[in-house]
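Structure file protein33.tsv with TSV, C-alpha atoms:
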```
chain	number	residue	atom	x	y	z
O	200	MET	CA	38.95	-10.43	-1.40
O	201	ARG	CA	36.76	-8.66	-3.91
O	202	LYS	CA	34.48	-11.63	-4.49
O	203	PRO	CA	33.03	-11.79	-0.89
O	204	LEU	CA	32.54	-8.02	-0.92
O	205	LEU	CA	30.69	-8.23	-4.25
O	206	ILE	CA	28.46	-11.05	-3.00
O	207	ALA	CA	27.67	-9.16	0.21
O	208	SER	CA	26.73	-6.01	-1.70
O	209	LEU	CA	24.48	-7.99	-4.08
O	210	VAL	CA	22.70	-9.67	-1.16
O	211	PHE	CA	22.22	-6.32	0.61
O	212	GLY	CA	20.87	-4.74	-2.58
O	213	ALA	CA	18.40	-7.58	-3.14
O	214	LEU	CA	17.14	-7.34	0.43
O	215	THR	CA	16.73	-3.58	0.16
O	216	LEU	CA	14.78	-3.81	-3.12
O	217	GLY	CA	12.61	-6.63	-1.78
O	218	GLY	CA	11.62	-4.61	1.28
O	219	THR	CA	10.78	-1.57	-0.83
O	220	ALA	CA	8.64	-3.56	-3.26
O	221	GLY	CA	6.68	-5.16	-0.43
O	222	ALA	CA	5.95	-1.82	1.18
O	223	ALA	CA	4.84	-0.25	-2.10
O	224	GLY	CA	2.54	-3.16	-2.95
O	225	SER	CA	0.53	-2.81	0.24
O	226	SER	CA	-0.21	0.89	-0.35
O	227	LEU	CA	-1.22	0.31	-3.97
O	228	HIS	CA	-3.79	-2.34	-3.09
O	229	PRO	CA	-5.31	-1.48	0.29
O	230	SER	CA	-6.74	-4.25	2.46
O	231	THR	CA	-9.63	-2.12	3.79
O	232	ARG	CA	-12.10	0.44	2.43
O	233	VAL	CA	-14.43	2.92	4.07
O	234	ILE	CA	-18.13	2.23	3.71
O	235	CYS	CA	-21.10	4.16	5.10
O	236	LEU	CA	-23.99	2.45	6.89
O	237	ASP	CA	-27.28	4.05	7.86
O	238	VAL	CA	-29.12	3.23	11.10
O	239	GLY	CA	-30.69	0.13	9.52
O	240	GLY	CA	-27.38	-1.29	8.26
O	241	GLU	CA	-27.97	-0.35	4.62
O	242	LEU	CA	-25.12	0.94	2.47
O	243	ARG	CA	-25.02	4.66	1.72
O	244	PRO	CA	-22.60	6.37	-0.67
O	245	ALA	CA	-19.29	7.56	0.75
O	246	THR	CA	-17.70	10.77	-0.49
O	247	CYS	CA	-14.02	9.95	-0.88
O	248	ARG	CA	-11.06	11.96	-2.07
O	249	THR	CA	-8.77	9.64	-4.00
O	250	SER	CA	-5.65	9.73	-6.09
O	251	ALA	CA	-6.02	10.21	-9.86
O	252	SER	CA	-3.70	7.26	-10.45
O	253	ARG	CA	-5.12	3.97	-11.68
O	254	LEU	CA	-2.30	2.19	-9.85
O	255	ASP	CA	-2.80	3.73	-6.40
O	256	GLN	CA	-6.28	2.59	-5.33
O	257	SER	CA	-6.18	3.88	-1.77
O	258	ASP	CA	-8.70	6.43	-0.49
O	259	SER	CA	-7.21	9.48	1.25
O	260	ILE	CA	-10.23	10.91	3.04
O	261	CYS	CA	-13.77	9.54	3.16
O	262	ILE	CA	-16.80	11.30	4.63
O	263	CYS	CA	-20.18	9.74	5.43
O	264	LYS	CA	-23.10	12.17	5.52
O	265	ASN	CA	-25.90	11.04	7.86
O	266	ALA	CA	-24.36	7.57	8.15
O	267	GLN	CA	-21.80	5.66	10.23
O	268	ARG	CA	-18.24	5.46	8.86
O	269	VAL	CA	-17.03	1.83	8.93
O	270	GLU	CA	-13.77	0.14	7.86
O	271	ALA	CA	-14.48	-2.99	5.81
O	272	PRO	CA	-12.02	-5.56	4.44
O	273	VAL	CA	-11.53	-5.74	0.67
O	274	CYS	CA	-12.47	-9.10	-0.86
O	275	ASP	CA	-9.62	-11.29	-2.06
O	276	ARG	CA	-9.37	-12.40	-5.69
O	277	GLY	CA	-12.14	-14.87	-6.46
O	278	GLU	CA	-14.04	-13.95	-3.29
O	279	LYS	CA	-17.43	-12.27	-3.74
O	280	PRO	CA	-19.13	-10.01	-1.21
O	281	VAL	CA	-22.22	-11.33	0.54
O	282	SER	CA	-25.36	-10.39	-1.39
O	283	GLU	CA	-27.42	-7.57	0.11
O	284	ASN	CA	-30.53	-8.71	1.98
O	285	ARG	CA	-32.27	-7.67	5.19
O	286	THR	CA	-30.72	-10.45	7.32
O	287	TYR	CA	-27.23	-9.45	6.18
O	288	GLU	CA	-27.92	-5.73	6.75
O	289	LEU	CA	-29.00	-6.36	10.35
O	290	ALA	CA	-25.97	-8.58	11.02
O	291	ARG	CA	-23.66	-6.00	9.43
O	292	LYS	CA	-25.21	-3.22	11.53
O	293	GLU	CA	-24.55	-5.21	14.71
O	294	ALA	CA	-20.99	-6.14	13.66
O	295	ALA	CA	-20.17	-2.51	12.76
O	296	ARG	CA	-20.88	-1.18	16.24
O	297	ASP	CA	-17.12	-1.03	16.88
O	298	GLY	CA	-16.50	0.89	13.61
O	299	SER	CA	-14.97	-2.04	11.74
O	300	LEU	CA	-16.04	-5.17	9.88
O	301	VAL	CA	-12.51	-6.59	9.79
O	302	GLY	CA	-12.62	-10.14	11.18
O	303	ASP	CA	-16.44	-10.30	11.25
O	304	LEU	CA	-18.29	-13.18	9.57
O	305	PHE	CA	-21.81	-13.71	8.23
O	306	GLN	CA	-22.85	-17.35	7.80
O	307	GLY	CA	-19.18	-18.37	7.66
O	308	ARG	CA	-18.19	-15.75	5.05
O	309	ARG	CA	-16.20	-12.57	5.55
O	310	MET	CA	-18.11	-9.27	5.46
O	311	CYS	CA	-15.92	-7.91	2.67
O	312	VAL	CA	-16.48	-5.27	-0.01
O	313	ARG	CA	-15.28	-5.02	-3.60
O	314	ALA	CA	-12.08	-3.16	-4.39
O	315	ARG	CA	-12.55	0.42	-5.52
O	316	ASN	CA	-12.08	-0.12	-9.28
O	317	SER	CA	-13.43	-3.63	-9.71
```

Mind converting the file's structure to structure tokens?
Amino acid sequence: MRKPLLIASLVFGALTLGGTAGAAGSSLHPSTRVICLDVGGELRPATCRTSASRLDQSDSICICKNAQRVEAPVCDRGEKPVSENRTYELARKEAARDGSLVGDLFQGRRMCVRARNS
């Protein structure tokens, strides 16, 4: 009688811990970042308020002065952002008209940005 109850409680505990770890991992390593683009598609610095923690790399609030605020996907490990050139800037400007670069491609590559501390 005690053995099935023990097994059930262990399974429930493992499922609970697994769900918590998955939720915490996504907030520690965000999948998007805010970038600022001027009218020509060139990058401008974003002013972001962030956590002081080296583990939590998410940005709380980002402001773009005299530029468009755009959500951009963070590059995966081993993936490099597209190098900056005029053709890419014009394509990025056109793709960012909806306020996001998530899902947009340039010459078959994602329009991603580096992680905050990389």

Q) Could you pull the residues within 9 Å of segment 296-299 of chain O, counting only C-alpha atoms, minus those fewer than 2 positions along the same chain, as a list of chain:residue names? A) O:Gln267, O:Arg268, O:Val269, O:Glu270, O:Ala271, O:Pro272, O:Arg291, O:Lys292, O:Glu293, O:Ala294, O:Val301, O:Gly302, O:Asp303

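Distance-wise, atom CA of Ala314 of chain O and atom CA of Leu289 of chain O end up 22.7 Å apart.
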
**Q.** From O:Met310, O:Thr231, O:Gly277, O:Cys261, residue lying nearest Ala295 of chain O [only C-alpha atoms]
**A.** O:Met310

Q.
Just want the 9 Å neighbourhood of Leu242 of chain O, counted on all atoms listed in the file, with same-chain residues fewer than 5 positions away dropped. Output as a ChimeraX atom specification.
A. /O:234-237,266,288

Mind writing the picked residues with C-alpha atoms as a PDB file, in the coordinates of the input?
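Result saved to result-v4.pdb:
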```
ATOM      1  CA  ILE O 234     -18.130   2.230   3.710  1.00  0.00           C
ATOM      2  CA  CYS O 235     -21.100   4.160   5.100  1.00  0.00           C
ATOM      3  CA  LEU O 236     -23.990   2.450   6.890  1.00  0.00           C
ATOM      4  CA  ASP O 237     -27.280   4.050   7.860  1.00  0.00           C
ATOM      5  CA  ALA O 266     -24.360   7.570   8.150  1.00  0.00           C
ATOM      6  CA  GLU O 288     -27.920  -5.730   6.750  1.00  0.00           C
TER       7      GLU O 288
END
```

Q.
Report as a PyMOL selection string all protein, DNA and RNA residues lying within 9 Å of Cys247 of chain O, evaluated on only C-alpha atoms, omitting residues in the same chain fewer than 3 positions from it.
A. chain O and resi 233+258-263

Enclose all atoms of segment 278-287 of chain O listed in the file in an axis-aligned box, grow every side by 4 Å, and hand back centre and edge lengths in Å to one decimal, as AutoDock Vina command-line options.
```
--center_x -23.2 --center_y -10.8 --center_z 1.8 --size_x 26.2 --size_y 14.4 --size_z 19.1
```

Q: Enter the distance from atom CA of Arg232 of chain O to atom CA of Arg285 of chain O, in Å, rounded to one decimal.
A: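 Rounded to one decimal, the two atoms are 21.9 Å apart.
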
Q) Can you tell me how far atom CA of Ala290 of chain O sits from atom CA of Asp275 of chain O, in Å to one decimal? A)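 Calculated distance between atom CA of Ala290 of chain O and atom CA of Asp275 of chain O is 21.1 Å.
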
Q: May I have the residues within 8 Å of Val281 of chain O as a list of chain:residue names, using all atoms listed in the file and disregarding those fewer than 4 positions away in the same chain?
A: O:Tyr287, O:Arg308, O:Arg309, O:Met310, O:Cys311

Would you save the residues from that selection as an mmCIF file, keeping the file's coordinate frame, using C-alpha atoms?
```cif
data_model
loop_
_atom_site.group_PDB
_atom_site.id
_atom_site.type_symbol
_atom_site.label_atom_id
_atom_site.label_comp_id
_atom_site.auth_asym_id
_atom_site.auth_seq_id
_atom_site.Cartn_x
_atom_site.Cartn_y
_atom_site.Cartn_z
ATOM 1 C CA TYR O 287 -27.230 -9.450 6.180
ATOM 2 C CA ARG O 308 -18.190 -15.750 5.050
ATOM 3 C CA ARG O 309 -16.200 -12.570 5.550
ATOM 4 C CA MET O 310 -18.110 -9.270 5.460
ATOM 5 C CA CYS O 311 -15.920 -7.910 2.670
#
```

(Q) Could you list, as a ChimeraX atom specification, every residue within 8 Å of Cys274 of chain O, counting only C-alpha atoms and ignoring same-chain residues fewer than 4 positions away? (A) /O:278-280,311-314

Please dump the current selection as a compact mmCIF listing (two decimals), in the frame of the given file; keep C-alpha atoms.
```
# COMPACT_ATOMS: atom_id res chain seq x y z
CA GLU O 278 -14.04 -13.95 -3.29
CA LYS O 279 -17.43 -12.27 -3.74
CA PRO O 280 -19.13 -10.01 -1.21
CA CYS O 311 -15.92 -7.91 2.67
CA VAL O 312 -16.48 -5.27 -0.01
CA ARG O 313 -15.28 -5.02 -3.60
CA ALA O 314 -12.08 -3.16 -4.39
```
